[in-house]
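Have a look at the structure below, then the notes.
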Amino acid sequence: MKFCKRYAEYMRGRREKELPALGLKQLKKTLKRCRREFQSHHQKQDGGGGSKFVGNCAVCDGTFFPSLLEQMSAVVVCFNQHAQKLLKLHLASGFGKFSMWLRGKSPKNDGTLIQEGRDLVAYAIINSIAMRKILKKYDKVHCSKQGQAFRSKASSMRIEILQSPWLCELLAFCINLRQSKLKNKAITELYNDCSLTFDDDGKPTLSCGLFDSMQIVIDLTCSICLDTIFDPVALTCGHLFCYMCCCAAASVTIVDGLKAADPKAKCPLCRQEGVNAGAMHLVELNILLSQSCPEYWEKRCQTERVERVRQAREHWQSLCREFMG
C-alpha cells in the first residue's frame, strides 16, 4: 500500500478525535500541476526537449511551502496540547484527581492512558514521515534541494514534531507506566516497542519504533557535562540538558531560573537565540532515569544539593546586603 493511502486511512480512523493532518493529496496535486505547466511551457520553447527544474519554482513555491508550514504547525500545536493534557492527568495529585472527579471528569485508568500515549506517539511519527516524503517528492520533481533545506529549517521554525519535548515525555511516561504495571500483560504489551537502553559506557538512549520506516532515538546525555542528564530540562529548540548545566550556560543561577536569562542567550548546542524562556522540566523523564540508575542519581543528588545550597546562600546574602545598604 502506498504511504499516501496508508496515511489517509490512519487519519480517517482518528477523525473522531479531530486531529489535524497534512493535506498530502492537495500538496501532490500542486506538484503535478507545477510539473505540467513547466513541461508545456518548455515544450513550446525547445520543441519537446527534456528540460527539468533547477532550483526554485515560481509556479508552486508560493503555495506549497506556506501550505505545508501552516498544516505542520497545526499538527505540532495539537500534539503538544494533547500530550500536555494527558501527562497532566497522569501526574495529578490525590487532590487534583479529586477536583477532577468533582468537575465530572473521572480519572482514566492506566490502560486508557497508555493507549492514548501510544496513539499520540504514532500520530507524531506518521506525520513526521509524511512531511519527509512530501519534501522528498518536491526535490524529485524540481531536481533541487529546497525541500531538504526546508526540512533542516523546520527545527528553528518549531514544526519538527520529533524534536518536541512532549514526545520525549510521552515515551518516558509509557515506560514508567509499563514498569509499574508489570503484572498486567495487557498494558506491558502495548509498549514493547519503546525502551530505555544503556551502552557499554553507561550512556542512556530512549528509543521507539512504531513504523517500519522510522525509529525514534533520543540521546539522554547532556552535551555540557557529557554525563546522563540530571533534572532534565528541554529548551524550546528541543535540545535536552541538565538543569544546572543549562543555567550555568545561560549565566543565571538556579534561584533566578532560566526565565531570567538574557533573551539573546543561545542554546549551547544549536546556537539558537531566545530558547531559554520557554524551557520545560521533563518530569516523566526525571522519574524514569532516577528509577533506572539509582546509584548515579543518588550521587548527583548529593553533589547538586551542595551547589544549590551554595547558590541560594549567595543569593540571599546579596539581597540582604542590598536591603541593608
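Order determines the names: the first chain of the C-alpha cells is A, the second B, and so forth; residues in each chain are numbered 1 upward, and ligands are numbered 1 upward as they are shown.
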
Inset, instruction - Mind checking which residues fall within 9 Å of A:Phe79, counting only C-alpha atoms, ignoring those fewer than 5 positions away in the same chain, and posting them as a list in words? - result: Leu19, Ala74, Gln84, Leu120, Val121, Tyr123, Ala124, Ile161, Trp166 and Leu167 of chain A

Legend entry - Spatial neighbours of stretch 8-13 of chain A, max dist 9 Å, only C-alpha atoms, sep filter under 5 positions, as a VMD selection string: chain A and resid 3 19 to 21 24 123 126

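Look at stretch 299-308 of chain A: the protein and nucleic acid residues within 8 Å of it, using only C-alpha atoms and passing over chain neighbours fewer than 4 places away, are Phe230, Ile254, Glu295 and Ala312 of chain A.
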
Inset, instruction - Run DSSP on the backbone and give me the residues of stretch 186-276 of chain A it puts in alpha helix (DSSP H), as a count of residues only. - result: 10

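The space between atom CA of A:Leu220 and atom CA of A:Phe241 spans 8.4 Å.
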
Inset, instruction - Tell me, in Å to one decimal, how far atom CA of A:Ala249 is from atom CA of A:Lys88. - result: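 Going from atom CA of A:Ala249 over to atom CA of A:Lys88, I get 29.4 Å.
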
Legend entry - Selection: 9 Å around A:Asp231, only C-alpha atoms, excl. self and same-chain fewer than 3 positions, as an NGL selection string: :A and (241-244 or 281-283 or 285-286)

Please, could you write that set of residues out with all heavy atoms as a short mmCIF file (atom, residue, chain, number, x, y, z; two decimals), in the first residue's frame?
```cif
data_model
loop_
_atom_site.label_atom_id
_atom_site.label_comp_id
_atom_site.auth_asym_id
_atom_site.auth_seq_id
_atom_site.Cartn_x
_atom_site.Cartn_y
_atom_site.Cartn_z
N PHE A 241 19.19 19.13 28.40
CA PHE A 241 20.36 19.37 29.23
C PHE A 241 20.00 19.13 30.69
O PHE A 241 18.83 19.09 31.06
CB PHE A 241 20.86 20.82 29.07
CG PHE A 241 21.19 21.23 27.67
CD1 PHE A 241 20.26 21.89 26.89
CD2 PHE A 241 22.43 20.94 27.12
CE1 PHE A 241 20.56 22.27 25.59
CE2 PHE A 241 22.74 21.31 25.82
CZ PHE A 241 21.80 21.97 25.06
N CYS A 242 21.05 19.00 31.52
CA CYS A 242 20.83 19.07 32.97
C CYS A 242 20.39 20.49 33.30
O CYS A 242 20.89 21.46 32.70
CB CYS A 242 22.11 18.74 33.73
SG CYS A 242 22.87 17.16 33.33
N TYR A 243 19.51 20.64 34.27
CA TYR A 243 19.02 21.97 34.60
C TYR A 243 20.14 22.88 35.08
O TYR A 243 20.25 24.03 34.65
CB TYR A 243 17.94 21.87 35.67
CG TYR A 243 17.37 23.20 36.10
CD1 TYR A 243 16.68 24.00 35.20
CD2 TYR A 243 17.55 23.67 37.40
CE1 TYR A 243 16.17 25.23 35.58
CE2 TYR A 243 17.04 24.89 37.79
CZ TYR A 243 16.35 25.67 36.88
OH TYR A 243 15.85 26.89 37.26
N MET A 244 21.00 22.37 35.95
CA MET A 244 22.08 23.20 36.48
C MET A 244 23.09 23.54 35.39
O MET A 244 23.60 24.67 35.34
CB MET A 244 22.77 22.50 37.65
CG MET A 244 23.78 23.36 38.37
SD MET A 244 24.33 22.66 39.94
CE MET A 244 22.88 22.90 40.93
N HIS A 281 10.67 21.56 32.32
CA HIS A 281 11.23 20.43 33.05
C HIS A 281 10.54 19.16 32.58
O HIS A 281 9.32 19.11 32.44
CB HIS A 281 11.04 20.63 34.55
CG HIS A 281 12.00 21.59 35.16
ND1 HIS A 281 13.26 21.22 35.58
CD2 HIS A 281 11.88 22.91 35.42
CE1 HIS A 281 13.88 22.27 36.08
NE2 HIS A 281 13.08 23.31 36.00
N LEU A 282 11.32 18.12 32.37
CA LEU A 282 10.80 16.83 31.91
C LEU A 282 10.59 15.93 33.13
O LEU A 282 11.50 15.19 33.54
CB LEU A 282 11.75 16.20 30.91
CG LEU A 282 12.08 17.08 29.68
CD1 LEU A 282 13.03 16.36 28.75
CD2 LEU A 282 10.81 17.49 28.95
N VAL A 283 9.39 15.99 33.70
CA VAL A 283 9.11 15.30 34.96
C VAL A 283 9.11 13.79 34.77
O VAL A 283 9.70 13.04 35.56
CB VAL A 283 7.76 15.77 35.53
CG1 VAL A 283 7.48 15.08 36.86
CG2 VAL A 283 7.75 17.28 35.72
N LEU A 285 10.56 12.00 32.42
CA LEU A 285 11.90 11.53 32.12
C LEU A 285 12.76 11.51 33.38
O LEU A 285 13.59 10.62 33.57
CB LEU A 285 12.54 12.42 31.05
CG LEU A 285 13.94 12.02 30.59
CD1 LEU A 285 13.94 10.62 30.00
CD2 LEU A 285 14.48 13.02 29.58
N ASN A 286 12.55 12.50 34.24
CA ASN A 286 13.28 12.55 35.51
C ASN A 286 12.96 11.33 36.37
O ASN A 286 13.84 10.71 36.98
CB ASN A 286 12.93 13.83 36.25
CG ASN A 286 13.83 14.09 37.43
OD1 ASN A 286 15.04 14.25 37.28
ND2 ASN A 286 13.26 14.11 38.62
#
```

Inset, instruction - Work out how far atom CA of A:Gly257 is from atom CA of A:Val76, in Å to one decimal. - result: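 Here the two named atoms are 26.5 Å from each other.
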
Set out as a tab-separated table a contact list for stretch 167-268 of chain A and stretch 276-279 of chain A with a cut-off of 12 Å, giving each residue of stretch 167-268 of chain A that qualifies its closest atom pair and distance in Å to one decimal, counting only C-alpha atoms, ordered by chain and rising residue number.
```
residue	atom	partner	partner_atom	distance
A:Pro232	CA	A:Ala279	CA	10.3
A:Val233	CA	A:Ala279	CA	6.6
A:Ala234	CA	A:Ala279	CA	5.5
A:Leu235	CA	A:Ala279	CA	4.4
A:Thr236	CA	A:Gly278	CA	5.8
A:Cys237	CA	A:Ala279	CA	9.0
A:Gly238	CA	A:Ala279	CA	9.1
A:His239	CA	A:Ala279	CA	9.8
A:Leu240	CA	A:Ala279	CA	9.7
A:Phe241	CA	A:Ala279	CA	10.4
A:Cys242	CA	A:Ala279	CA	11.7
A:Tyr243	CA	A:Ala279	CA	9.7
A:Cys246	CA	A:Asn276	CA	8.8
A:Cys247	CA	A:Asn276	CA	9.1
A:Ala248	CA	A:Asn276	CA	12.0
A:Ala249	CA	A:Asn276	CA	10.4
A:Ala250	CA	A:Asn276	CA	8.0
A:Ser251	CA	A:Asn276	CA	11.3
A:Val252	CA	A:Asn276	CA	10.8
A:Asp256	CA	A:Ala277	CA	11.9
A:Gly257	CA	A:Ala277	CA	9.3
A:Leu258	CA	A:Asn276	CA	5.6
A:Lys259	CA	A:Ala277	CA	4.5
A:Ala260	CA	A:Ala277	CA	7.6
A:Ala261	CA	A:Asn276	CA	6.7
A:Asp262	CA	A:Asn276	CA	8.4
A:Pro263	CA	A:Ala277	CA	7.5
A:Lys264	CA	A:Asn276	CA	9.3
A:Ala265	CA	A:Asn276	CA	7.5
A:Lys266	CA	A:Asn276	CA	8.0
A:Cys267	CA	A:Asn276	CA	7.8
A:Pro268	CA	A:Asn276	CA	10.7
```

Inset, instruction - Considering only C-alpha atoms, return as a PyMOL selection string whatever protein or nucleic-acid residues lie within 10 Å of A:Cys4, sequence-local ones (same chain, fewer than 6 positions apart) excluded. - result: chain A and resi 10+23-25+28+130+133-134

Keeping N, CA, C and O atoms for every residue in the selection just given, could you write it to a file as a JSON list (two decimals), in the first residue's frame?
```json
[["chain", "number", "residue", "atom", "x", "y", "z"],
["A", 10, "TYR", "N", -5.08, 6.01, 8.17],
["A", 10, "TYR", "CA", -4.72, 6.22, 9.57],
["A", 10, "TYR", "C", -5.46, 7.43, 10.14],
["A", 10, "TYR", "O", -6.04, 7.36, 11.23],
["A", 23, "GLY", "N", -2.40, 17.75, 4.24],
["A", 23, "GLY", "CA", -3.15, 17.50, 3.01],
["A", 23, "GLY", "C", -2.23, 16.98, 1.93],
["A", 23, "GLY", "O", -1.88, 17.69, 0.97],
["A", 24, "LEU", "N", -1.82, 15.71, 2.06],
["A", 24, "LEU", "CA", -0.85, 15.14, 1.12],
["A", 24, "LEU", "C", -1.37, 15.15, -0.32],
["A", 24, "LEU", "O", -0.63, 15.44, -1.25],
["A", 25, "LYS", "N", -2.65, 14.81, -0.50],
["A", 25, "LYS", "CA", -3.21, 14.77, -1.85],
["A", 25, "LYS", "C", -3.18, 16.15, -2.49],
["A", 25, "LYS", "O", -2.83, 16.29, -3.67],
["A", 28, "LYS", "N", 0.38, 17.07, -3.37],
["A", 28, "LYS", "CA", 0.83, 16.34, -4.56],
["A", 28, "LYS", "C", 0.20, 16.91, -5.83],
["A", 28, "LYS", "O", 0.85, 16.97, -6.88],
["A", 130, "ALA", "N", 5.25, 11.75, 6.87],
["A", 130, "ALA", "CA", 4.50, 12.40, 5.79],
["A", 130, "ALA", "C", 5.22, 13.67, 5.31],
["A", 130, "ALA", "O", 5.34, 13.91, 4.10],
["A", 133, "LYS", "N", 8.37, 12.69, 3.32],
["A", 133, "LYS", "CA", 8.09, 12.14, 1.99],
["A", 133, "LYS", "C", 7.64, 13.22, 1.01],
["A", 133, "LYS", "O", 8.03, 13.21, -0.16],
["A", 134, "ILE", "N", 6.81, 14.16, 1.46],
["A", 134, "ILE", "CA", 6.32, 15.18, 0.53],
["A", 134, "ILE", "C", 7.45, 16.14, 0.16],
["A", 134, "ILE", "O", 7.51, 16.63, -0.99]]
```
